[in-house]
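First up is the structure itself, then whatever we jot down about it.
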Amino acid sequence: MPTPSPTGTDRPDQTPEPRPSPARRRGRLPWWVKLPGALAVVAVLLLLGTRLSLLPGLDDVFGEETHDRSGPALLKSIQDMSRYEAASGNFQVVVDLEKDAKFLPDAIRGSRTLYVGAGTVGAYVDLGRADGNSVTVNKDRTAATIRLPHAQLGKPALDADRSYAVSKQRGLLDRLGDFFSDNPADERAVHRLAAQHIGEAAEESELAARAEKNTTSMLQGLLHSLGFERVTVTYG
């Protein structure tokens with residue numbers, strides 16, 4: 001006969017199943033929750049492999065391609081020139097541009113850019129300003145005197161291939177401003193400053209004098225070939 005249960009009712013023996021611990025219940029995540037983390041790990045491994053050249057074959061798969069979809073260049077105008085480009089100078093300047101804000105530390109608001117600017121300045125003589133009275137020839141056509149204006153300097157032209165930024169330091173607010181700006185890391189200020197310093201250096205150099213000397217040599221050689229024995233060129 002079956003043994004009566006302590007409660008006085010007859011039930012077959014039932015062994016309760018053990019419940020999983022809370023830690024195990026928390027560890028069982030759906031696969032779709034684990035998928036983003038696994039993809040992130042794979043992406044990091046691929047990036048490191050490409051950077052460290054551990055997986056050189058990935059360069060063909062994730063390599064960067066450049067496409068030039070620019071339109072054709074349009075000719076806007078043509079200007080006749082009567083200048084004789086007689087000399088050109090190469091210049092280089094190191095621009096240290098710092099902008100500070102009042103009552104705020106540089107870490108919050110401020111910027112400092114160290115920029116190396118390289119460019120050229122041309123020197124020319126405007127032959128078009130010489131009129132009929134600027135040239136005097138003797139009766140025998142053996143001597144000539146030419147009066148020309150002084151040589152002038154052209155605008156400085158920065159060379160993008162030889163100009164570069166050495167360092168850039170920006171405060172927190174400046175970084176946020178660049179994030180929301182249509183033209184972040186704008187370097188027009190240092191470009192203008194570099195061109196200004198190059199132009200000032202060209203004015204203090206002997207570039208204009210060299211241009212006048214070269215123009216004199218060119219005109220003397222030209223007129224000597226035409227039979228003139230003495231050729232004098234003056235400026236001013």
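Lettering and numbering for the structure tokens are positional, with chains as A, B, ... in the shown order, residues counted from 1 in each chain, and ligands counted from 1 in the shown order.
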Inset, instruction - Could you give me, as a VMD selection string, the residues within 6 Å of Thr120 in chain A, counting only C-alpha atoms and dropping anything in the same chain fewer than 6 positions from it? - result: chain A and resid 89 to 91 156 to 157
Go ahead and write the residues just picked, N, CA, C and O atoms, as a compact mmCIF listing (two decimals), in the first residue's frame.
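Here's the written file again-v1.txt:
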# COMPACT_ATOMS: atom_id res chain seq x y z
N GLY A 89 61.11 85.66 -57.68
CA GLY A 89 61.75 85.27 -56.43
C GLY A 89 60.95 84.21 -55.70
O GLY A 89 59.71 84.26 -55.69
N ASN A 90 61.64 83.25 -55.12
CA ASN A 90 61.02 82.21 -54.30
C ASN A 90 61.21 82.56 -52.83
O ASN A 90 62.33 82.84 -52.38
N PHE A 91 60.12 82.50 -52.07
CA PHE A 91 60.15 82.89 -50.67
C PHE A 91 59.49 81.80 -49.81
O PHE A 91 58.65 81.03 -50.30
N PRO A 156 51.89 88.01 -54.60
CA PRO A 156 52.47 86.73 -54.17
C PRO A 156 51.54 85.57 -54.52
O PRO A 156 50.32 85.66 -54.38
N ALA A 157 52.12 84.50 -54.98
CA ALA A 157 51.37 83.29 -55.35
C ALA A 157 51.88 82.14 -54.47
O ALA A 157 53.04 81.73 -54.59
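Nearest to Ala211 in chain A of all the residues A:Glu98, A:Glu187, A:Asp126, A:Glu85 is A:Glu85, based on only C-alpha atoms.
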Inset, instruction - Can you pull out every residue within 10 Å of Thr216 in chain A, counting only C-alpha atoms, but drop anything in the same chain fewer than 2 positions away, and send it as JSON, numbers by chain? - result: {"A": [86, 146, 148, 210, 211, 212, 213, 214, 218, 219, 220, 221, 222, 231, 232, 233, 234, 235]}
Save out the residues we just selected, C-alpha atoms, as a PDB file, in the first residue's frame.
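What ended up in out.pdb:
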ATOM      1  CA  ALA A  86      62.102  89.938 -65.948  1.00  0.00           C
ATOM      2  CA  ILE A 146      65.033 104.243 -73.865  1.00  0.00           C
ATOM      3  CA  LEU A 148      60.930 103.080 -69.005  1.00  0.00           C
ATOM      4  CA  ARG A 210      67.131  92.538 -60.755  1.00  0.00           C
ATOM      5  CA  ALA A 211      64.121  92.893 -63.053  1.00  0.00           C
ATOM      6  CA  GLU A 212      65.348  96.261 -64.332  1.00  0.00           C
ATOM      7  CA  LYS A 213      68.828  94.855 -64.910  1.00  0.00           C
ATOM      8  CA  ASN A 214      67.453  91.911 -66.873  1.00  0.00           C
ATOM      9  CA  MET A 218      67.245  92.152 -73.089  1.00  0.00           C
ATOM     10  CA  LEU A 219      66.737  95.509 -74.818  1.00  0.00           C
ATOM     11  CA  GLN A 220      70.459  96.040 -75.396  1.00  0.00           C
ATOM     12  CA  GLY A 221      70.795  92.639 -76.982  1.00  0.00           C
ATOM     13  CA  LEU A 222      67.736  93.247 -79.170  1.00  0.00           C
ATOM     14  CA  VAL A 231      71.934 101.499 -76.092  1.00  0.00           C
ATOM     15  CA  THR A 232      71.052 103.319 -72.882  1.00  0.00           C
ATOM     16  CA  VAL A 233      68.048 102.304 -70.793  1.00  0.00           C
ATOM     17  CA  THR A 234      66.859 104.481 -67.910  1.00  0.00           C
ATOM     18  CA  TYR A 235      64.012 103.976 -65.431  1.00  0.00           C
TER      19      TYR A 235
END
Legend entry - Separation of CA of Asp68 in chain A from CA of Asp159 in chain A, in Å and rounded to one decimal: 21.6 Å
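When only C-alpha atoms are used to measure the gap to Ala130 in chain A, the shortest distance among A:Ser217, A:Thr66, A:Ser82, A:Thr113 belongs to A:Ser82.
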Inset, instruction - Go ahead and compute the interatomic distance for CA of Ala87 in chain A and CA of Val121 in chain A, in Å to one decimal. - result: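 Distance reported for this atom pair: 8.6 Å.
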Inset, instruction - One decimal, Å: what's the distance from CA of Ser111 in chain A over to CA of Lys155 in chain A, could you say? - result: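 Between these atoms lies a distance of 28.2 Å.
Near range 224-228 of chain A, within 9 Å and counting only C-alpha atoms, sit A:Arg141, A:Thr142, A:Ala143, A:Ala144, A:Leu219, not including residues fewer than 5 positions from it in the same chain.
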Export of the given selection (N, CA and C atoms) as a PDB file, in the first residue's frame:
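The file below, selection.pdb, is the result:
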ATOM      1  N   ARG A 141      71.574 106.623 -86.378  1.00  0.00           N
ATOM      2  CA  ARG A 141      70.931 105.376 -85.931  1.00  0.00           C
ATOM      3  C   ARG A 141      71.963 104.380 -85.394  1.00  0.00           C
ATOM      4  N   THR A 142      72.897 104.955 -84.634  1.00  0.00           N
ATOM      5  CA  THR A 142      73.890 104.100 -83.987  1.00  0.00           C
ATOM      6  C   THR A 142      73.748 104.105 -82.473  1.00  0.00           C
ATOM      7  N   ALA A 143      72.963 105.044 -81.935  1.00  0.00           N
ATOM      8  CA  ALA A 143      72.782 105.163 -80.492  1.00  0.00           C
ATOM      9  C   ALA A 143      71.304 105.366 -80.212  1.00  0.00           C
ATOM     10  N   ALA A 144      70.837 104.746 -79.119  1.00  0.00           N
ATOM     11  CA  ALA A 144      69.425 104.849 -78.734  1.00  0.00           C
ATOM     12  C   ALA A 144      69.343 104.963 -77.225  1.00  0.00           C
ATOM     13  N   LEU A 219      66.880  94.457 -73.822  1.00  0.00           N
ATOM     14  CA  LEU A 219      66.737  95.509 -74.818  1.00  0.00           C
ATOM     15  C   LEU A 219      68.066  95.810 -75.512  1.00  0.00           C
TER      16      LEU A 219
END
